[in-house]
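Here is input-v4.cif, consisting of mmCIF, C-alpha atoms and all ligand atoms:
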```
data_final
#
loop_
_atom_site.label_atom_id
_atom_site.label_comp_id
_atom_site.auth_asym_id
_atom_site.auth_seq_id
_atom_site.Cartn_x
_atom_site.Cartn_y
_atom_site.Cartn_z
CA MET A 644 -3.57 8.80 59.26
CA ASP A 645 -1.21 10.54 61.63
CA LEU A 646 1.87 11.54 59.67
CA CYS A 647 4.18 10.78 62.57
CA LYS A 648 2.86 7.24 62.82
CA SER A 649 2.82 6.45 59.13
CA SER A 650 5.36 3.81 58.16
CA LEU A 651 6.63 6.10 55.43
CA TYR A 652 7.27 8.88 57.87
CA THR A 653 9.01 6.82 60.55
CA ALA A 654 11.02 4.93 57.97
CA LEU A 655 12.41 8.07 56.46
CA ASP A 656 12.66 10.43 59.39
CA PRO A 657 11.98 8.88 62.75
CA THR A 658 13.21 11.83 64.86
CA PRO A 659 10.49 13.03 67.22
CA SER A 660 11.43 16.65 66.58
CA ALA A 661 10.34 16.19 63.00
CA CYS A 662 6.88 15.25 64.28
CA HIS A 663 5.68 18.81 64.70
CA GLY A 664 4.41 18.91 61.18
CA TYR A 665 5.95 20.22 57.99
CA ALA A 666 7.44 23.58 57.26
CA PHE A 667 7.26 24.41 53.57
CA PRO A 668 10.27 26.06 51.92
CA PRO A 669 10.65 29.82 52.50
CA GLY A 670 8.96 31.87 49.78
CA PHE A 671 6.61 28.99 48.87
CA LEU A 672 3.78 30.29 46.66
CA TRP A 673 0.30 29.74 48.09
CA GLY A 674 -2.87 30.70 46.31
CA ALA A 675 -5.65 29.77 43.95
CA ALA A 676 -6.19 29.79 40.19
CA THR A 677 -8.80 30.97 37.70
CA SER A 678 -9.03 31.39 33.93
CA SER A 679 -10.52 34.23 31.92
CA HIS A 680 -13.44 32.54 30.16
CA GLN A 681 -14.42 30.64 33.29
CA VAL A 682 -14.76 33.68 35.54
CA GLU A 683 -14.73 36.99 33.67
CA GLY A 684 -18.06 36.91 31.86
CA HIS A 685 -19.06 38.26 28.44
CA ASN A 686 -16.03 37.00 26.56
CA ARG A 687 -17.86 37.51 23.30
CA TRP A 688 -14.85 37.52 20.95
CA ASN A 689 -13.69 33.96 21.50
CA ASP A 690 -14.53 30.61 19.92
CA TRP A 691 -16.23 29.23 23.05
CA TRP A 692 -18.63 32.15 23.13
CA ALA A 693 -19.35 31.69 19.41
CA ALA A 694 -20.07 27.98 19.95
CA GLU A 695 -22.23 28.72 23.02
CA GLN A 696 -24.30 31.24 21.06
CA ALA A 697 -24.63 28.89 18.09
CA GLY A 698 -26.06 26.19 20.37
CA ALA A 699 -23.13 23.84 19.77
CA LEU A 700 -22.64 23.64 23.56
CA VAL A 701 -25.35 22.91 26.10
CA HIS A 702 -24.23 25.58 28.56
CA GLN A 703 -23.54 29.28 28.14
CA SER A 704 -20.88 31.14 30.12
CA GLY A 705 -22.89 34.40 30.09
CA GLU A 706 -21.67 36.70 32.82
CA ALA A 707 -19.86 33.78 34.53
CA CYS A 708 -18.63 35.22 37.87
CA SER A 709 -18.44 38.85 36.66
CA HIS A 710 -14.83 38.69 37.72
CA TYR A 711 -13.95 41.24 35.01
CA GLU A 712 -15.72 43.79 37.22
CA LEU A 713 -15.33 42.13 40.64
CA TYR A 714 -11.65 41.20 40.53
CA GLU A 715 -10.66 43.55 43.37
CA GLN A 716 -13.25 42.05 45.68
CA ASP A 717 -12.05 38.55 44.74
CA PHE A 718 -8.43 39.48 45.39
CA ASP A 719 -9.38 41.01 48.77
CA MET A 720 -10.79 37.63 49.66
CA ALA A 721 -7.60 35.83 48.56
CA GLN A 722 -5.49 38.27 50.55
CA SER A 723 -7.67 37.80 53.63
CA TRP A 724 -6.98 34.05 53.34
CA GLY A 725 -3.23 34.59 53.55
CA HIS A 726 -2.56 33.77 49.89
CA ASN A 727 0.65 35.22 48.49
CA ALA A 728 0.10 34.27 44.83
CA HIS A 729 -2.71 34.07 42.30
CA ARG A 730 -2.92 32.40 38.89
CA LEU A 731 -5.04 34.10 36.22
CA SER A 732 -5.22 33.96 32.44
CA LEU A 733 -5.27 36.74 29.90
CA GLU A 734 -8.05 36.52 27.33
CA TRP A 735 -6.34 36.67 23.92
CA SER A 736 -9.66 37.50 22.23
CA ARG A 737 -10.10 40.62 24.36
CA ILE A 738 -6.56 41.79 23.59
CA GLU A 739 -6.77 41.00 19.84
CA PRO A 740 -10.51 40.87 19.04
CA VAL A 741 -9.81 41.41 15.34
CA GLU A 742 -6.77 39.88 13.68
CA GLY A 743 -3.80 42.22 14.02
CA ALA A 744 -5.75 44.94 15.90
CA TRP A 745 -4.88 45.42 19.55
CA ASN A 746 -7.40 46.58 22.09
CA PRO A 747 -5.60 49.01 24.46
CA GLU A 748 -8.51 48.98 26.91
CA ALA A 749 -8.14 45.27 27.49
CA VAL A 750 -4.42 45.64 28.07
CA ALA A 751 -5.04 48.52 30.49
CA HIS A 752 -7.55 46.34 32.29
CA TYR A 753 -5.08 43.49 32.72
CA ARG A 754 -2.42 45.95 33.86
CA ASP A 755 -4.85 47.11 36.56
CA VAL A 756 -5.60 43.50 37.47
CA ILE A 757 -1.92 42.66 37.87
CA ARG A 758 -1.31 45.80 39.89
CA ALA A 759 -4.29 44.98 42.09
CA LEU A 760 -2.66 41.63 42.82
CA LYS A 761 0.67 43.22 43.63
CA GLN A 762 -0.91 45.82 45.91
CA ARG A 763 -2.24 42.86 47.90
CA ALA A 764 1.14 41.11 47.90
CA LEU A 765 -0.19 38.38 45.59
CA GLU A 766 2.43 37.18 43.09
CA PRO A 767 0.80 36.99 39.64
CA VAL A 768 1.18 33.73 37.73
CA VAL A 769 -0.05 34.62 34.24
CA THR A 770 -1.36 32.13 31.67
CA LEU A 771 -1.34 33.33 28.07
CA HIS A 772 -3.62 30.67 26.57
CA HIS A 773 -6.25 28.80 28.57
CA PHE A 774 -8.37 26.81 26.06
CA THR A 775 -10.09 29.77 24.35
CA ASN A 776 -8.99 31.30 21.04
CA PRO A 777 -10.13 34.48 19.36
CA ALA A 778 -13.04 33.61 17.05
CA TRP A 779 -11.06 34.96 14.02
CA PHE A 780 -8.20 32.57 14.83
CA THR A 781 -10.51 29.55 14.92
CA ARG A 782 -12.33 30.65 11.74
CA ARG A 783 -9.05 30.70 9.82
CA GLY A 784 -8.18 27.15 10.88
CA GLY A 785 -6.95 27.59 14.44
CA TRP A 786 -3.99 25.55 15.67
CA LEU A 787 -4.17 23.28 12.64
CA ARG A 788 -2.43 25.91 10.55
CA ARG A 789 1.31 26.19 10.73
CA ASP A 790 1.17 29.97 10.97
CA SER A 791 -0.85 29.62 14.20
CA ILE A 792 2.58 29.58 15.85
CA GLU A 793 3.41 33.08 14.57
CA ARG A 794 -0.07 34.39 15.31
CA PHE A 795 0.20 33.26 18.91
CA ALA A 796 3.79 34.55 19.18
CA ARG A 797 2.74 37.97 17.87
CA TYR A 798 0.11 38.21 20.62
CA VAL A 799 2.55 37.04 23.27
CA GLU A 800 5.21 39.53 22.17
CA TYR A 801 2.71 42.37 22.34
CA VAL A 802 1.54 41.33 25.80
CA VAL A 803 5.06 40.94 27.10
CA GLN A 804 6.03 44.37 25.80
CA GLN A 805 3.00 45.86 27.55
CA LEU A 806 2.90 43.87 30.79
CA GLY A 807 6.27 42.15 30.98
CA PRO A 808 7.89 44.32 33.66
CA GLU A 809 4.99 43.53 36.02
CA VAL A 810 5.14 39.74 35.76
CA THR A 811 7.77 37.15 36.66
CA TYR A 812 5.86 33.85 36.29
CA TRP A 813 4.43 33.07 32.85
CA LEU A 814 2.57 29.99 31.66
CA THR A 815 2.43 29.94 27.88
CA ILE A 816 -0.32 27.35 27.38
CA ASN A 817 -2.67 25.58 29.76
CA GLU A 818 -3.06 21.81 29.34
CA PRO A 819 -2.25 21.45 25.64
CA THR A 820 -2.98 17.71 25.74
CA VAL A 821 -6.47 18.28 27.14
CA TYR A 822 -7.12 20.98 24.55
CA VAL A 823 -6.13 18.63 21.73
CA MET A 824 -8.02 15.60 23.06
CA GLN A 825 -11.23 17.50 23.72
CA GLY A 826 -11.12 19.49 20.48
CA TYR A 827 -9.80 16.94 17.96
CA VAL A 828 -10.35 13.45 19.39
CA ASN A 829 -13.39 13.50 21.69
CA GLY A 830 -14.92 16.34 19.70
CA GLU A 831 -16.60 17.86 22.76
CA TRP A 832 -15.00 21.31 22.68
CA PRO A 833 -14.46 23.79 19.88
CA PRO A 834 -13.65 23.07 17.09
CA PHE A 835 -15.62 19.82 17.75
CA VAL A 836 -13.57 17.49 15.55
CA ARG A 837 -13.95 13.82 16.49
CA GLY A 838 -11.44 11.02 16.10
CA ALA A 839 -9.01 13.05 13.99
CA TRP A 840 -5.72 11.67 15.29
CA GLY A 841 -3.66 13.11 12.43
CA LYS A 842 -5.01 16.58 13.13
CA ALA A 843 -4.54 16.08 16.86
CA ILE A 844 -0.85 15.35 16.38
CA GLN A 845 -0.49 18.38 14.09
CA VAL A 846 -2.15 20.69 16.62
CA CYS A 847 -0.03 19.26 19.41
CA TYR A 848 3.11 19.87 17.38
CA HIS A 849 2.13 23.47 16.63
CA MET A 850 1.39 24.13 20.30
CA ALA A 851 4.71 22.63 21.35
CA ARG A 852 6.54 24.83 18.84
CA ALA A 853 4.49 27.85 19.96
CA HIS A 854 5.57 27.19 23.53
CA VAL A 855 9.25 26.98 22.52
CA LEU A 856 9.07 30.15 20.43
CA THR A 857 7.26 32.17 23.07
CA TYR A 858 9.54 30.86 25.81
CA ARG A 859 12.42 32.42 23.87
CA LEU A 860 10.50 35.60 23.12
CA ILE A 861 9.59 36.25 26.73
CA HIS A 862 13.20 35.78 27.76
CA GLN A 863 14.42 38.12 25.01
CA HIS A 864 12.27 40.85 26.50
CA HIS A 865 12.70 39.94 30.16
CA ALA A 866 15.76 37.96 31.08
CA ASN A 867 14.49 37.37 34.62
CA ALA A 868 11.11 35.96 33.61
CA ARG A 869 10.35 32.38 34.64
CA VAL A 870 8.45 30.60 31.92
CA GLY A 871 6.69 27.24 31.84
CA PHE A 872 3.40 25.74 30.73
CA ALA A 873 0.68 23.99 32.73
CA HIS A 874 0.53 20.26 32.15
CA SER A 875 -2.54 18.19 33.00
CA ALA A 876 -0.97 15.20 34.71
CA PRO A 877 -3.31 12.32 35.58
CA TRP A 878 -1.68 9.35 37.33
CA VAL A 879 -2.30 6.54 34.85
CA MET A 880 -2.44 2.93 36.09
CA PRO A 881 -3.58 -0.36 34.57
CA CYS A 882 -6.97 -1.38 35.90
CA ARG A 883 -6.02 -5.06 36.29
CA ALA A 884 -2.30 -5.03 37.00
CA HIS A 885 -2.04 -8.80 36.44
CA LYS A 886 -3.31 -8.45 32.84
CA ARG A 887 -0.59 -7.79 30.32
CA TRP A 888 -2.91 -5.97 27.89
CA ASP A 889 -4.11 -3.59 30.57
CA ARG A 890 -0.50 -2.85 31.45
CA MET A 891 0.45 -2.23 27.83
CA THR A 892 -2.59 -0.07 27.20
CA ALA A 893 -1.93 1.99 30.33
CA THR A 894 1.66 2.55 29.20
CA LEU A 895 0.43 3.74 25.81
CA ARG A 896 -2.07 6.10 27.46
CA ASP A 897 0.60 7.47 29.72
CA CYS A 898 2.85 8.05 26.70
CA MET A 899 0.10 9.99 25.01
CA LEU A 900 -1.01 12.01 28.04
CA ASN A 901 2.19 12.47 30.00
CA ARG A 902 5.07 12.20 27.55
CA ALA A 903 4.19 13.06 23.94
CA PHE A 904 4.02 16.83 24.31
CA PHE A 905 7.37 16.90 26.08
CA GLY A 906 8.88 14.86 23.28
CA LEU A 907 7.59 17.36 20.72
CA MET A 908 9.30 20.11 22.74
CA GLY A 909 12.55 18.15 22.74
CA ASN A 910 12.35 16.90 26.33
CA ARG A 911 12.26 13.42 27.81
CA VAL A 912 10.20 12.59 30.87
CA HIS A 913 11.68 9.11 31.07
CA GLY A 914 15.19 7.86 30.70
CA ARG A 915 18.36 9.76 31.39
CA ARG A 916 17.86 12.95 33.40
CA THR A 917 18.96 15.94 31.36
CA PRO A 918 18.22 19.59 32.04
CA ALA A 919 14.91 20.38 30.37
CA VAL A 920 15.06 22.88 27.57
CA HIS A 921 12.61 25.73 27.21
CA LEU A 922 11.23 25.33 30.70
CA ASP A 923 12.24 27.33 33.77
CA PHE A 924 9.64 25.41 35.72
CA LEU A 925 6.76 23.08 34.90
CA GLY A 926 3.17 23.74 35.99
CA ILE A 927 1.50 20.57 37.24
CA ASN A 928 -2.29 20.32 37.20
CA TYR A 929 -3.04 17.20 39.24
CA TYR A 930 -6.53 15.98 40.01
CA MET A 931 -6.90 12.21 39.77
CA ARG A 932 -5.88 8.68 39.00
CA THR A 933 -7.06 7.13 35.73
CA LEU A 934 -7.41 3.36 35.67
CA ILE A 935 -7.06 1.99 32.17
CA ARG A 936 -8.56 -1.22 30.82
CA SER A 937 -7.65 -2.62 27.45
CA ALA A 938 -10.44 -2.39 24.87
CA GLY A 939 -8.97 -4.52 22.12
CA TRP A 940 -6.86 -3.55 19.16
CA GLY A 941 -7.45 -1.27 16.23
CA LEU A 942 -7.26 2.48 15.86
CA GLY A 943 -9.52 4.18 18.38
CA ARG A 944 -9.37 1.20 20.76
CA ILE A 945 -5.67 0.81 21.29
CA LEU A 946 -5.63 3.42 24.06
CA GLY A 947 -8.20 1.43 26.04
CA ARG A 948 -10.92 2.95 28.18
CA ALA A 949 -11.03 4.51 31.62
CA CYS A 950 -12.58 2.14 34.15
CA HIS A 951 -15.04 3.63 36.66
CA GLU A 952 -16.00 0.39 38.40
CA SER A 953 -15.25 0.34 42.10
CA HIS A 954 -13.43 -2.97 42.30
CA HIS A 955 -10.11 -1.70 43.60
CA THR A 956 -9.14 -2.16 47.20
CA ASP A 957 -7.58 1.32 47.27
CA GLN A 958 -10.35 2.95 45.22
CA GLY A 959 -10.79 6.60 46.17
CA VAL A 960 -14.13 8.39 46.25
CA LEU A 961 -15.36 10.04 43.08
CA SER A 962 -15.98 13.76 42.76
CA ASP A 963 -19.22 15.19 41.34
CA ILE A 964 -17.71 14.86 37.87
CA ASP A 965 -16.48 11.29 38.49
CA TRP A 966 -12.79 12.01 39.02
CA GLU A 967 -11.17 9.59 41.45
CA VAL A 968 -9.55 11.21 44.50
CA TYR A 969 -6.09 9.66 44.71
CA PRO A 970 -3.56 11.73 46.71
CA ALA A 971 -0.77 9.15 46.32
CA GLY A 972 -0.82 9.96 42.62
CA LEU A 973 0.40 13.46 43.37
CA ARG A 974 3.62 12.11 44.85
CA ALA A 975 4.09 9.75 41.93
CA ILE A 976 3.48 12.53 39.42
CA LEU A 977 5.86 14.95 41.14
CA ASN A 978 8.56 12.29 41.16
CA LYS A 979 7.91 11.49 37.51
CA PHE A 980 8.21 15.07 36.29
CA ALA A 981 11.08 15.96 38.60
CA ARG A 982 13.16 13.93 36.15
CA LEU A 983 12.95 16.89 33.79
CA GLY A 984 15.37 18.65 36.10
CA VAL A 985 13.37 21.87 36.60
CA PRO A 986 11.32 23.04 39.60
CA LEU A 987 7.63 22.17 39.63
CA LEU A 988 4.75 24.47 40.51
CA ILE A 989 1.36 22.98 41.32
CA THR A 990 -0.73 25.22 39.12
CA GLU A 991 -4.00 23.34 39.79
CA ASN A 992 -5.33 20.83 42.31
CA GLY A 993 -8.89 20.72 43.57
CA ILE A 994 -12.17 18.86 43.66
CA ALA A 995 -15.63 19.42 42.22
CA THR A 996 -17.96 18.75 45.13
CA THR A 997 -20.65 20.26 47.30
CA ASP A 998 -19.63 17.94 50.13
CA GLU A 999 -17.47 20.32 52.18
CA PRO A 1000 -15.96 17.73 54.53
CA LEU A 1001 -14.84 15.86 51.42
CA ARG A 1002 -13.20 19.01 49.99
CA CYS A 1003 -11.38 19.55 53.32
CA GLU A 1004 -10.28 15.92 53.34
CA PHE A 1005 -9.10 16.24 49.74
CA LEU A 1006 -7.06 19.32 50.57
CA LYS A 1007 -5.53 17.88 53.72
CA ARG A 1008 -4.53 14.66 52.02
CA HIS A 1009 -3.00 16.39 49.02
CA LEU A 1010 -1.11 18.90 51.15
CA THR A 1011 0.19 16.09 53.34
CA THR A 1012 1.35 14.21 50.27
CA LEU A 1013 2.94 17.37 48.91
CA ALA A 1014 4.79 17.97 52.18
CA GLU A 1015 6.05 14.37 52.23
CA THR A 1016 7.20 14.62 48.65
CA ILE A 1017 9.15 17.82 49.24
CA GLU A 1018 10.64 16.63 52.49
CA HIS A 1019 11.44 13.00 51.77
CA ASP A 1020 11.89 12.85 48.02
CA ARG A 1021 13.62 16.25 47.89
CA ILE A 1022 11.53 17.34 44.92
CA PRO A 1023 11.82 21.09 44.26
CA VAL A 1024 8.29 22.53 44.34
CA LEU A 1025 7.75 26.29 44.07
CA GLY A 1026 4.20 26.49 45.28
CA TYR A 1027 0.65 25.20 45.39
CA LEU A 1028 -2.31 26.89 43.69
CA TYR A 1029 -5.75 25.46 44.47
CA TRP A 1030 -8.29 25.21 41.64
CA SER A 1031 -10.25 27.36 42.02
CA LEU A 1032 -10.62 30.65 43.89
CA VAL A 1033 -14.38 30.72 43.23
CA ASP A 1034 -16.88 28.37 41.60
CA ASN A 1035 -16.96 29.03 37.88
CA PHE A 1036 -17.92 27.96 34.37
CA GLU A 1037 -16.60 24.43 34.02
CA TRP A 1038 -16.53 24.28 30.20
CA SER A 1039 -18.98 21.72 28.76
CA GLU A 1040 -20.12 20.87 32.32
CA GLY A 1041 -21.48 24.39 32.73
CA PHE A 1042 -21.91 25.64 36.29
CA ARG A 1043 -22.62 22.26 37.88
CA ALA A 1044 -19.04 21.62 39.07
CA HIS A 1045 -18.21 23.34 42.36
CA PHE A 1046 -14.44 23.64 42.67
CA GLY A 1047 -14.34 26.99 44.50
CA LEU A 1048 -12.89 28.03 47.82
CA ALA A 1049 -15.93 30.29 47.66
CA ALA A 1050 -19.33 29.44 46.24
CA VAL A 1051 -20.93 31.94 43.87
CA ASP A 1052 -24.58 32.85 43.91
CA TYR A 1053 -24.93 33.39 40.17
CA ALA A 1054 -28.16 35.38 40.58
CA THR A 1055 -26.50 38.05 42.74
CA GLN A 1056 -22.78 37.36 42.14
CA GLU A 1057 -22.35 37.13 45.90
CA ARG A 1058 -19.30 35.12 47.02
CA VAL A 1059 -19.87 32.73 49.91
CA PRO A 1060 -16.60 31.45 51.39
CA ARG A 1061 -16.51 27.74 52.15
CA PRO A 1062 -15.04 26.24 55.36
CA CYS A 1063 -12.19 24.72 53.36
CA ALA A 1064 -10.96 28.23 52.56
CA ASP A 1065 -10.24 28.74 56.29
CA LEU A 1066 -8.44 25.45 56.55
CA PHE A 1067 -6.29 26.37 53.55
CA ALA A 1068 -5.74 29.87 54.98
CA GLN A 1069 -4.16 28.40 58.13
CA VAL A 1070 -1.56 26.64 55.98
CA CYS A 1071 -0.99 29.64 53.70
CA ARG A 1072 -0.49 32.03 56.62
CA SER A 1073 1.90 29.80 58.53
CA ASN A 1074 3.65 28.16 55.54
CA HIS A 1075 3.32 25.09 57.70
CA LEU A 1076 1.17 21.97 57.87
CA SER A 1077 0.68 20.92 61.47
CA ASN A 1078 0.02 17.37 62.53
CA HIS A 1079 -3.38 18.48 63.65
CA GLN A 1080 -4.13 19.60 60.11
CA SER A 1081 -2.74 16.43 58.60
CA THR A 1082 -4.55 14.00 60.92
CA PHE A 1083 -7.70 12.46 59.48
O1 LIG A 1101 -11.62 24.00 35.04
C1 LIG A 1101 -10.54 23.27 34.54
C2 LIG A 1101 -9.43 24.19 34.10
O2 LIG A 1101 -9.86 25.08 33.13
C3 LIG A 1101 -8.29 23.39 33.52
N1 LIG A 1101 -7.90 22.32 34.41
C4 LIG A 1101 -8.92 21.47 34.95
C5 LIG A 1101 -10.00 22.33 35.58
C6 LIG A 1101 -11.10 21.44 36.18
O3 LIG A 1101 -11.67 20.68 35.18
#
```

In structure tokens, write the structure found in this file.
Amino acid sequence: MDLCKSSLYTALDPTPSACHGYAFPPGFLWGAATSSHQVEGHNRWNDWWAAEQAGALVHQSGEACSHYELYEQDFDMAQSWGHNAHRLSLEWSRIEPVEGAWNPEAVAHYRDVIRALKQRALEPVVTLHHFTNPAWFTRRGGWLRRDSIERFARYVEYVVQQLGPEVTYWLTINEPTVYVMQGYVNGEWPPFVRGAWGKAIQVCYHMARAHVLTYRLIHQHHANARVGFAHSAPWVMPCRAHKRWDRMTATLRDCMLNRAFFGLMGNRVHGRRTPAVHLDFLGINYYMRTLIRSAGWGLGRILGRACHESHHTDQGVLSDIDWEVYPAGLRAILNKFARLGVPLLITENGIATTDEPLRCEFLKRHLTTLAETIEHDRIPVLGYLYWSLVDNFEWSEGFRAHFGLAAVDYATQERVPRPCADLFAQVCRSNHLSNHQSTF
């Protein structure tokens, strides 16, 4: 599609001068994202490591990408690609390996990491909780306990006192809905509880309150901080739009995945637009469309099932982990969450594939959609962070998912940049998407 010839483009801005591509807003953040347990290696004080060692998970993270040691080399690579931002997460279990006992070496390490980013003109976007918990926290009941909120807040306050002056962008929690679904409904991730909807709601509530409390805490210490959380935002659609039950089920799913957590925080995604509370911006992790088919009634079935059959005329290709590529969903999602009234930051978008032309196509299509959304829908977007900088440990999928701008040879820890990294670099360096780049 050539952007200048697309009906959308000509309908909204037919001037030929606009056909030289898209300029992104000045100061737009460009970069890639990682998380501690997925890249650092040897995170032996958290609940994932404990489960991996106990054989409760098929795959072990081991030394992962040795990013704990190789972070400078990885940041050199990001800088060489014209990135001006980088998203990382702090590993709570390294900072507080034993309840109430801080580890100054870990804090010093993260201070060095953040400074290494700044020396390379990479704006740090720091996540405080990315799926893993200290093993002591999980042993004492994890997020099911009401005092989990204070435990998390105590860690956040300590971190902000230590590192606060160095960081502007904070993400309190990564993908709380995914954490809750995988840990308490699907039972695939620690603490491996299956079908426990009551517990899931309780955990969700505690995480929402923890976000609100730590949002306030961070601001108390640093008035200029910008605080949000990263929301996993699939674009949910009924599989058979003409079937009422599919439509109802898809609406229910969307409520659960894309609205419930906001409600617990006191925000509304739908309805009257009011300024969102306790959010300076919202992190959007967008990967795919989910087509929902009704599965009958009764608890456990009411949310339907995801359909993977390829009977849709606009069906996108599937990634190596069966996620449907659906760039139009990005525009829909950005419009949906813009109703919160705060800027959005794309904190994750990427594809698990070893088919490099497909990755390039994925990137081009999503960047084109992003540009159209900013330009034509006037949605305020602060930046775009590709998932991920390097291939890494993809949770229960192990190392089989290849999301990286660089491949990793896990035997030698050598990074091998992929062609898509160069394509992305052209956009990052110029802050511009040319028609050439958006033609496919
Ligand atoms: O690898 C994960 C990340 O930890 C959270 N968001 C989705 C990514 C791909 O599955």

Check your understanding: Could you list, as a PyMOL selection string, all the residues within 10 Å of ligand LIG 1101 (chain A), counting all atoms listed in the file?
Key -> chain A and resi 676-681+773-775+817-818+821-822+873-876+927-930+964+966+990-995+1030-1031+1034-1040+1044-1046

**Study point:** Among the residues A:Ala1049, A:Ala749, A:Leu731, A:Ala853, the one that comes closest to A:Thr997 [using all atoms listed in the file]
**Key:** A:Ala1049

Review point. Hey, can you pull every residue with an atom no more than 10 Å from (10.9, 21.6, 39.1), using all atoms listed in the file, and send it as a PyMOL selection string?
Key: chain A and resi 919+922-927+977-978+980-989+1022-1025

Counting only C-alpha atoms, write as a PDB file with C-alpha atoms, keeping the file's coordinate frame all protein and nucleic acid residues lying at most 12 Å from (-13.1, 15.0, 51.9) in the file's frame.
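Now in selection_8.pdb:
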```
ATOM      1  CA  GLY A 959     -10.790   6.600  46.170  1.00  0.00           C
ATOM      2  CA  VAL A 960     -14.130   8.390  46.250  1.00  0.00           C
ATOM      3  CA  LEU A 961     -15.360  10.040  43.080  1.00  0.00           C
ATOM      4  CA  SER A 962     -15.980  13.760  42.760  1.00  0.00           C
ATOM      5  CA  GLU A 967     -11.170   9.590  41.450  1.00  0.00           C
ATOM      6  CA  VAL A 968      -9.550  11.210  44.500  1.00  0.00           C
ATOM      7  CA  TYR A 969      -6.090   9.660  44.710  1.00  0.00           C
ATOM      8  CA  PRO A 970      -3.560  11.730  46.710  1.00  0.00           C
ATOM      9  CA  GLY A 993      -8.890  20.720  43.570  1.00  0.00           C
ATOM     10  CA  ILE A 994     -12.170  18.860  43.660  1.00  0.00           C
ATOM     11  CA  ALA A 995     -15.630  19.420  42.220  1.00  0.00           C
ATOM     12  CA  THR A 996     -17.960  18.750  45.130  1.00  0.00           C
ATOM     13  CA  THR A 997     -20.650  20.260  47.300  1.00  0.00           C
ATOM     14  CA  ASP A 998     -19.630  17.940  50.130  1.00  0.00           C
ATOM     15  CA  GLU A 999     -17.470  20.320  52.180  1.00  0.00           C
ATOM     16  CA  PRO A1000     -15.960  17.730  54.530  1.00  0.00           C
ATOM     17  CA  LEU A1001     -14.840  15.860  51.420  1.00  0.00           C
ATOM     18  CA  ARG A1002     -13.200  19.010  49.990  1.00  0.00           C
ATOM     19  CA  CYS A1003     -11.380  19.550  53.320  1.00  0.00           C
ATOM     20  CA  GLU A1004     -10.280  15.920  53.340  1.00  0.00           C
ATOM     21  CA  PHE A1005      -9.100  16.240  49.740  1.00  0.00           C
ATOM     22  CA  LEU A1006      -7.060  19.320  50.570  1.00  0.00           C
ATOM     23  CA  LYS A1007      -5.530  17.880  53.720  1.00  0.00           C
ATOM     24  CA  ARG A1008      -4.530  14.660  52.020  1.00  0.00           C
ATOM     25  CA  HIS A1009      -3.000  16.390  49.020  1.00  0.00           C
ATOM     26  CA  PRO A1062     -15.040  26.240  55.360  1.00  0.00           C
ATOM     27  CA  CYS A1063     -12.190  24.720  53.360  1.00  0.00           C
ATOM     28  CA  PHE A1083      -7.700  12.460  59.480  1.00  0.00           C
TER      29      PHE A1083
END
```

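Near A:Glu952, within 12 Å and counting only C-alpha atoms, sit A:Cys882, A:Arg883, A:Thr933, A:Leu934, A:Ile935, A:Arg936, A:Arg948, A:Ala949, A:His955, A:Thr956, A:Gln958, A:Gly959, A:Val960, A:Leu961, A:Asp965, A:Glu967; same-chain residues fewer than 3 positions away were not included.
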
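Pairwise distance (atom CA of A:Lys979, atom CA of A:Ile1017) equals 13.4 Å.
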
Rebuild stretch 707-716 of chain A to N, CA and C atoms - output it as a CSV table (one decimal), in the frame of the given file, please.
```csv
chain,number,residue,atom,x,y,z
A,707,ALA,N,-20.7,34.6,33.7
A,707,ALA,CA,-19.9,33.8,34.5
A,707,ALA,C,-19.9,34.3,36.0
A,708,CYS,N,-18.7,34.7,36.5
A,708,CYS,CA,-18.6,35.2,37.9
A,708,CYS,C,-18.5,36.7,37.9
A,709,SER,N,-18.6,37.4,36.8
A,709,SER,CA,-18.4,38.8,36.7
A,709,SER,C,-17.1,39.3,37.3
A,710,HIS,N,-16.1,38.4,37.1
A,710,HIS,CA,-14.8,38.7,37.7
A,710,HIS,C,-14.1,39.9,37.0
A,711,TYR,N,-14.5,40.1,35.7
A,711,TYR,CA,-14.0,41.2,35.0
A,711,TYR,C,-14.2,42.5,35.8
A,712,GLU,N,-15.4,42.6,36.4
A,712,GLU,CA,-15.7,43.8,37.2
A,712,GLU,C,-15.3,43.6,38.7
A,713,LEU,N,-15.4,42.3,39.2
A,713,LEU,CA,-15.3,42.1,40.6
A,713,LEU,C,-13.9,41.6,41.1
A,714,TYR,N,-13.0,41.8,40.2
A,714,TYR,CA,-11.6,41.2,40.5
A,714,TYR,C,-11.1,41.7,41.8
A,715,GLU,N,-11.3,43.0,42.1
A,715,GLU,CA,-10.7,43.6,43.4
A,715,GLU,C,-11.3,42.9,44.6
A,716,GLN,N,-12.6,42.7,44.6
A,716,GLN,CA,-13.2,42.0,45.7
A,716,GLN,C,-12.7,40.6,45.8
```
